[in-house]
Amino acid sequence: MDGEREAEGPAHVAVIGAGIVGVATAIRLLRDGRRVTLIDAKGPAEGTSFGNAGLLAAASFVPVTVPGLVAKAPRMLFDPDQPLFLRWGYLPRLAPWLLRYLRHATPEHTHRIAAGLYGIVGDTVEEHLALAEGTGAERWIVPSDYFYLYPDRAAFERDVFGWEVRRTHGVTWQELEGEALRSRVPAVSGLDFGVCVGGHGRISDPCAYVRALAAHAEAEGARLLIATVEDVVREAGRVTGVRAGGETIPCDAVVIAAGAWSRGLVRRLGLDIPLESERGYHLEFWEPSVTLSEPVAITTGKFLLTPMEGRLRAAGVVEFGGLEAGPSEAPFRLLERQARAALPGLSEAKVTRWMGHRPATTDSLPAVGEVPGVAGAWLAFGHQHIGLTAGPKTGRLLAQMIAGRRPNLDMTPYAPSRFA
């Protein structure tokens, strides 16, 4: 690579993973004038980006590992009405990751993690609008308020720690009770206290949205390759290509944005990032008899109800069971039972189901940056529950770093080197 090219950054970047993070990164690289090959084993939006809750969650930066989780989690596992599930045969493989994960359930770690997550989600609606401008995908972005619904004020006050963390970062909200709440979310029953937070948004069809962005990337010159990536080719500690689909694709840099499937490739580069799948579930009620105008979180069940084109999506639940096992029946039953309890009288033309894999690191922060000791190898995965929310900003920040520009955000909390 000559000096001029090195100063400008790589000419050709292979992006592995065509979910929202990979597609956003590809578009930002194209806008920087780079050549891009976008590679995915199944195609755009065939993984977690297909089935997420569709929420642009600007206030969702408080991690799951809040103080008290260690005491609460065992009870949740044995309560069929709680949104935490475990395939017990997977526990021996999960245990090392889980122990490291639970060590972060302290006030100090929670504040540190929340600050890191806020940096990539706080302006999510603006980042999505900027990414989608001129792509045709704008039509699926719907700015909105977002409601957290509780049985009563006492239940809200038990969540005070998380709300104080949000307040620290400038989040404001309106508290609604009784008739004031029912006038805003009349379809929901049995929950008499709500918190309304502005500055959020939703994607009315996440799969269609990401596929439209990917189609725009192709129209702008990106090559889309449906293939499994076997390895990253290196010479003298520098990326020179990727092997995928029986061919070697020469490139100057690679971005690994394959979500929960990223760990194996990164290990080949000499870095082992502790990554697990937080298996998530959704149900879609097509042509529902009742619906919502804005997304709501049912805090008792830790799931979201999001209105989408032609259907209502109920999404949530955490199950630990790895990447290989198929869906479990109990999470689907819980989601349906709780959704119907929240929306009395709900009927629909049909119900469809989905299970997918959220990529979770032990410290709840994504890995975004260059792999230590491998020039041109970049990572962008580990966003856990906020991949859709944080995808556009992650892509923009990574494109800046690849070009040698300094982002206007401290990238230290996301550095892959923290796992070295």
# chains A, B, ... in the order shown; residues from 1 in each chain; ligands from 1
call {"tool": "select_by_dssp", "arguments": {"residues": "stretch 87-279 of chain A", "states": "helix (DSSP H, G or I)", "output": "PyMOL selection string"}}
result
chain A and resi 88-102+107-121+124-132+137-140+153-157+160-168+178-184+206-219+259-261+263-268
call {"tool": "residues_around", "arguments": {"residues": "A:Ala360", "least_positions_apart": "4", "cutoff": "9 Å", "atoms": "only C-alpha atoms", "output": "list in words"}}
result
Gly259, Ala260, Pro274, Leu275, Glu276, Ser277, Glu278, Ser364, Leu365, Pro366, Phe381, Gly382, His383, Gln384 and His385 of chain A
call {"tool": "residues_around", "arguments": {"residues": "A:Asp79", "least_positions_apart": "4", "cutoff": "12 Å", "atoms": "only C-alpha atoms", "output": "ChimeraX atom specification"}}
result
/A:72-75,83-86,301,330-331,334
call {"tool": "write_last_selection", "arguments": {"atoms": "all heavy atoms", "output": "PDB file, in the first residue's frame"}}
result
ATOM      1  N   LYS A  72     -31.691 -11.682  42.178  1.00  0.00           N
ATOM      2  CA  LYS A  72     -32.986 -11.835  41.522  1.00  0.00           C
ATOM      3  C   LYS A  72     -32.990 -12.934  40.457  1.00  0.00           C
ATOM      4  O   LYS A  72     -34.003 -13.625  40.253  1.00  0.00           O
ATOM      5  CB  LYS A  72     -33.370 -10.498  40.871  1.00  0.00           C
ATOM      6  CG  LYS A  72     -34.777 -10.427  40.359  1.00  0.00           C
ATOM      7  CD  LYS A  72     -35.019  -9.103  39.621  1.00  0.00           C
ATOM      8  CE  LYS A  72     -34.750  -7.911  40.519  1.00  0.00           C
ATOM      9  NZ  LYS A  72     -35.030  -6.627  39.818  1.00  0.00           N
ATOM     10  N   ALA A  73     -31.880 -13.124  39.750  1.00  0.00           N
ATOM     11  CA  ALA A  73     -31.863 -14.016  38.584  1.00  0.00           C
ATOM     12  C   ALA A  73     -32.249 -15.460  38.904  1.00  0.00           C
ATOM     13  O   ALA A  73     -33.035 -16.057  38.161  1.00  0.00           O
ATOM     14  CB  ALA A  73     -30.490 -13.961  37.918  1.00  0.00           C
ATOM     15  N   PRO A  74     -31.730 -16.085  39.977  1.00  0.00           N
ATOM     16  CA  PRO A  74     -32.128 -17.480  40.234  1.00  0.00           C
ATOM     17  C   PRO A  74     -33.629 -17.653  40.408  1.00  0.00           C
ATOM     18  O   PRO A  74     -34.215 -18.630  39.925  1.00  0.00           O
ATOM     19  CB  PRO A  74     -31.362 -17.821  41.516  1.00  0.00           C
ATOM     20  CG  PRO A  74     -30.177 -16.906  41.510  1.00  0.00           C
ATOM     21  CD  PRO A  74     -30.695 -15.629  40.929  1.00  0.00           C
ATOM     22  N   ARG A  75     -34.278 -16.705  41.092  1.00  0.00           N
ATOM     23  CA  ARG A  75     -35.729 -16.803  41.276  1.00  0.00           C
ATOM     24  C   ARG A  75     -36.452 -16.672  39.937  1.00  0.00           C
ATOM     25  O   ARG A  75     -37.457 -17.352  39.690  1.00  0.00           O
ATOM     26  CB  ARG A  75     -36.208 -15.710  42.238  1.00  0.00           C
ATOM     27  CG  ARG A  75     -35.710 -15.872  43.660  1.00  0.00           C
ATOM     28  CD  ARG A  75     -36.512 -15.007  44.637  1.00  0.00           C
ATOM     29  NE  ARG A  75     -36.462 -13.589  44.303  1.00  0.00           N
ATOM     30  CZ  ARG A  75     -35.523 -12.747  44.747  1.00  0.00           C
ATOM     31  NH1 ARG A  75     -34.545 -13.209  45.528  1.00  0.00           N
ATOM     32  NH2 ARG A  75     -35.547 -11.474  44.425  1.00  0.00           N
ATOM     33  N   PRO A  83     -39.331 -13.366  32.407  1.00  0.00           N
ATOM     34  CA  PRO A  83     -38.800 -13.431  31.039  1.00  0.00           C
ATOM     35  C   PRO A  83     -37.350 -13.876  30.934  1.00  0.00           C
ATOM     36  O   PRO A  83     -36.604 -13.406  30.074  1.00  0.00           O
ATOM     37  CB  PRO A  83     -38.959 -11.986  30.564  1.00  0.00           C
ATOM     38  CG  PRO A  83     -38.751 -11.176  31.805  1.00  0.00           C
ATOM     39  CD  PRO A  83     -39.357 -11.983  32.927  1.00  0.00           C
ATOM     40  N   LEU A  84     -36.912 -14.780  31.813  1.00  0.00           N
ATOM     41  CA  LEU A  84     -35.547 -15.293  31.761  1.00  0.00           C
ATOM     42  C   LEU A  84     -35.601 -16.811  31.688  1.00  0.00           C
ATOM     43  O   LEU A  84     -36.218 -17.462  32.549  1.00  0.00           O
ATOM     44  CB  LEU A  84     -34.757 -14.845  32.993  1.00  0.00           C
ATOM     45  CG  LEU A  84     -33.315 -15.358  33.094  1.00  0.00           C
ATOM     46  CD1 LEU A  84     -32.476 -14.872  31.923  1.00  0.00           C
ATOM     47  CD2 LEU A  84     -32.684 -14.915  34.424  1.00  0.00           C
ATOM     48  N   PHE A  85     -34.958 -17.371  30.664  1.00  0.00           N
ATOM     49  CA  PHE A  85     -34.994 -18.808  30.435  1.00  0.00           C
ATOM     50  C   PHE A  85     -33.573 -19.327  30.224  1.00  0.00           C
ATOM     51  O   PHE A  85     -32.700 -18.593  29.756  1.00  0.00           O
ATOM     52  CB  PHE A  85     -35.838 -19.146  29.205  1.00  0.00           C
ATOM     53  CG  PHE A  85     -37.291 -18.778  29.345  1.00  0.00           C
ATOM     54  CD1 PHE A  85     -37.737 -17.503  29.029  1.00  0.00           C
ATOM     55  CD2 PHE A  85     -38.216 -19.714  29.791  1.00  0.00           C
ATOM     56  CE1 PHE A  85     -39.070 -17.155  29.171  1.00  0.00           C
ATOM     57  CE2 PHE A  85     -39.555 -19.382  29.927  1.00  0.00           C
ATOM     58  CZ  PHE A  85     -39.992 -18.103  29.616  1.00  0.00           C
ATOM     59  N   LEU A  86     -33.385 -20.585  30.563  1.00  0.00           N
ATOM     60  CA  LEU A  86     -32.084 -21.227  30.386  1.00  0.00           C
ATOM     61  C   LEU A  86     -32.293 -22.657  29.923  1.00  0.00           C
ATOM     62  O   LEU A  86     -33.103 -23.394  30.504  1.00  0.00           O
ATOM     63  CB  LEU A  86     -31.308 -21.228  31.712  1.00  0.00           C
ATOM     64  CG  LEU A  86     -30.017 -22.043  31.777  1.00  0.00           C
ATOM     65  CD1 LEU A  86     -28.967 -21.460  30.844  1.00  0.00           C
ATOM     66  CD2 LEU A  86     -29.499 -22.108  33.217  1.00  0.00           C
ATOM     67  N   GLY A 301     -43.300  -7.776  32.291  1.00  0.00           N
ATOM     68  CA  GLY A 301     -42.840  -8.917  31.510  1.00  0.00           C
ATOM     69  C   GLY A 301     -41.581  -8.651  30.735  1.00  0.00           C
ATOM     70  O   GLY A 301     -41.087  -9.525  30.012  1.00  0.00           O
ATOM     71  N   ALA A 330     -41.628 -22.424  25.686  1.00  0.00           N
ATOM     72  CA  ALA A 330     -42.051 -21.634  26.843  1.00  0.00           C
ATOM     73  C   ALA A 330     -41.958 -20.119  26.622  1.00  0.00           C
ATOM     74  O   ALA A 330     -42.876 -19.386  27.013  1.00  0.00           O
ATOM     75  CB  ALA A 330     -41.260 -22.053  28.081  1.00  0.00           C
ATOM     76  N   PRO A 331     -40.890 -19.582  26.013  1.00  0.00           N
ATOM     77  CA  PRO A 331     -40.857 -18.129  25.778  1.00  0.00           C
ATOM     78  C   PRO A 331     -41.992 -17.644  24.881  1.00  0.00           C
ATOM     79  O   PRO A 331     -42.546 -16.562  25.116  1.00  0.00           O
ATOM     80  CB  PRO A 331     -39.490 -17.911  25.116  1.00  0.00           C
ATOM     81  CG  PRO A 331     -38.656 -19.044  25.597  1.00  0.00           C
ATOM     82  CD  PRO A 331     -39.586 -20.207  25.670  1.00  0.00           C
ATOM     83  N   LEU A 334     -45.145 -17.543  27.032  1.00  0.00           N
ATOM     84  CA  LEU A 334     -45.129 -16.412  27.956  1.00  0.00           C
ATOM     85  C   LEU A 334     -45.448 -15.111  27.221  1.00  0.00           C
ATOM     86  O   LEU A 334     -46.282 -14.313  27.687  1.00  0.00           O
ATOM     87  CB  LEU A 334     -43.766 -16.312  28.640  1.00  0.00           C
ATOM     88  CG  LEU A 334     -43.576 -15.097  29.551  1.00  0.00           C
ATOM     89  CD1 LEU A 334     -44.538 -15.149  30.735  1.00  0.00           C
ATOM     90  CD2 LEU A 334     -42.137 -15.001  30.037  1.00  0.00           C
TER      91      LEU A 334
END
call {"tool": "residues_around", "arguments": {"residues": "A:His109", "least_positions_apart": "2", "cutoff": "10 Å", "atoms": "only C-alpha atoms", "output": "PyMOL selection string"}}
result
chain A and resi 63+65-67+103-107+111-115+363
call {"tool": "write_last_selection", "arguments": {"atoms": "C-alpha atoms", "output": "PDB file, in the first residue's frame"}}
result
ATOM      1  CA  PRO A  63     -27.658  -2.331  31.240  1.00  0.00           C
ATOM      2  CA  THR A  65     -26.636  -5.921  35.027  1.00  0.00           C
ATOM      3  CA  VAL A  66     -28.040  -3.470  37.556  1.00  0.00           C
ATOM      4  CA  PRO A  67     -27.426  -3.898  41.293  1.00  0.00           C
ATOM      5  CA  ARG A 103     -19.583  -9.273  38.166  1.00  0.00           C
ATOM      6  CA  HIS A 104     -20.736  -6.075  36.494  1.00  0.00           C
ATOM      7  CA  ALA A 105     -23.955  -5.861  38.557  1.00  0.00           C
ATOM      8  CA  THR A 106     -22.654  -3.071  40.788  1.00  0.00           C
ATOM      9  CA  PRO A 107     -23.492   0.655  40.920  1.00  0.00           C
ATOM     10  CA  HIS A 111     -22.883   3.948  35.663  1.00  0.00           C
ATOM     11  CA  ARG A 112     -19.771   3.272  33.567  1.00  0.00           C
ATOM     12  CA  ILE A 113     -21.601   0.973  31.144  1.00  0.00           C
ATOM     13  CA  ALA A 114     -24.573   3.327  30.873  1.00  0.00           C
ATOM     14  CA  ALA A 115     -22.268   6.213  29.945  1.00  0.00           C
ATOM     15  CA  ASP A 363     -19.525  -6.022  30.032  1.00  0.00           C
TER      16      ASP A 363
END
call {"tool": "closest_atom_pairs", "arguments": {"of": "stretch 24-99 of chain A", "to": "stretch 216-236 of chain A", "cutoff": "9 Å", "atoms": "only C-alpha atoms", "output": "CSV"}}
result
residue,atom,partner,partner_atom,distance
A:Ala26,CA,A:Ala217,CA,7.0
A:Ile27,CA,A:Ala217,CA,5.7
A:Leu30,CA,A:Glu220,CA,7.3
A:Arg31,CA,A:Glu220,CA,8.9
A:Arg35,CA,A:Ala222,CA,6.7
A:Val36,CA,A:Ala222,CA,4.9
A:Thr37,CA,A:Arg223,CA,4.6
A:Leu38,CA,A:Leu224,CA,4.8
A:Ile39,CA,A:Leu225,CA,4.8
A:Asp40,CA,A:Ile226,CA,5.2
A:Ala41,CA,A:Ala227,CA,4.5
A:Lys42,CA,A:Ile226,CA,6.0
A:Gly43,CA,A:Ile226,CA,5.8
A:Pro44,CA,A:Ile226,CA,9.0
call {"tool": "residues_around", "arguments": {"residues": "A:Gly237", "least_positions_apart": "2", "cutoff": "10 Å", "atoms": "only C-alpha atoms", "output": "VMD selection string"}}
result
chain A and resid 233 to 235 239 to 240 269 373 to 377
call {"tool": "residues_around", "arguments": {"residues": "stretch 252-254 of chain A", "least_positions_apart": "3", "cutoff": "9 Å", "atoms": "only C-alpha atoms", "output": "VMD selection string"}}
result
chain A and resid 1 9 to 16 232 238 to 242 375 to 379 402
call {"tool": "select_by_dssp", "arguments": {"residues": "stretch 334-394 of chain A", "states": "strand (DSSP E)", "output": "number ranges by chain"}}
result
A: 350-361, 367-370, 377-381
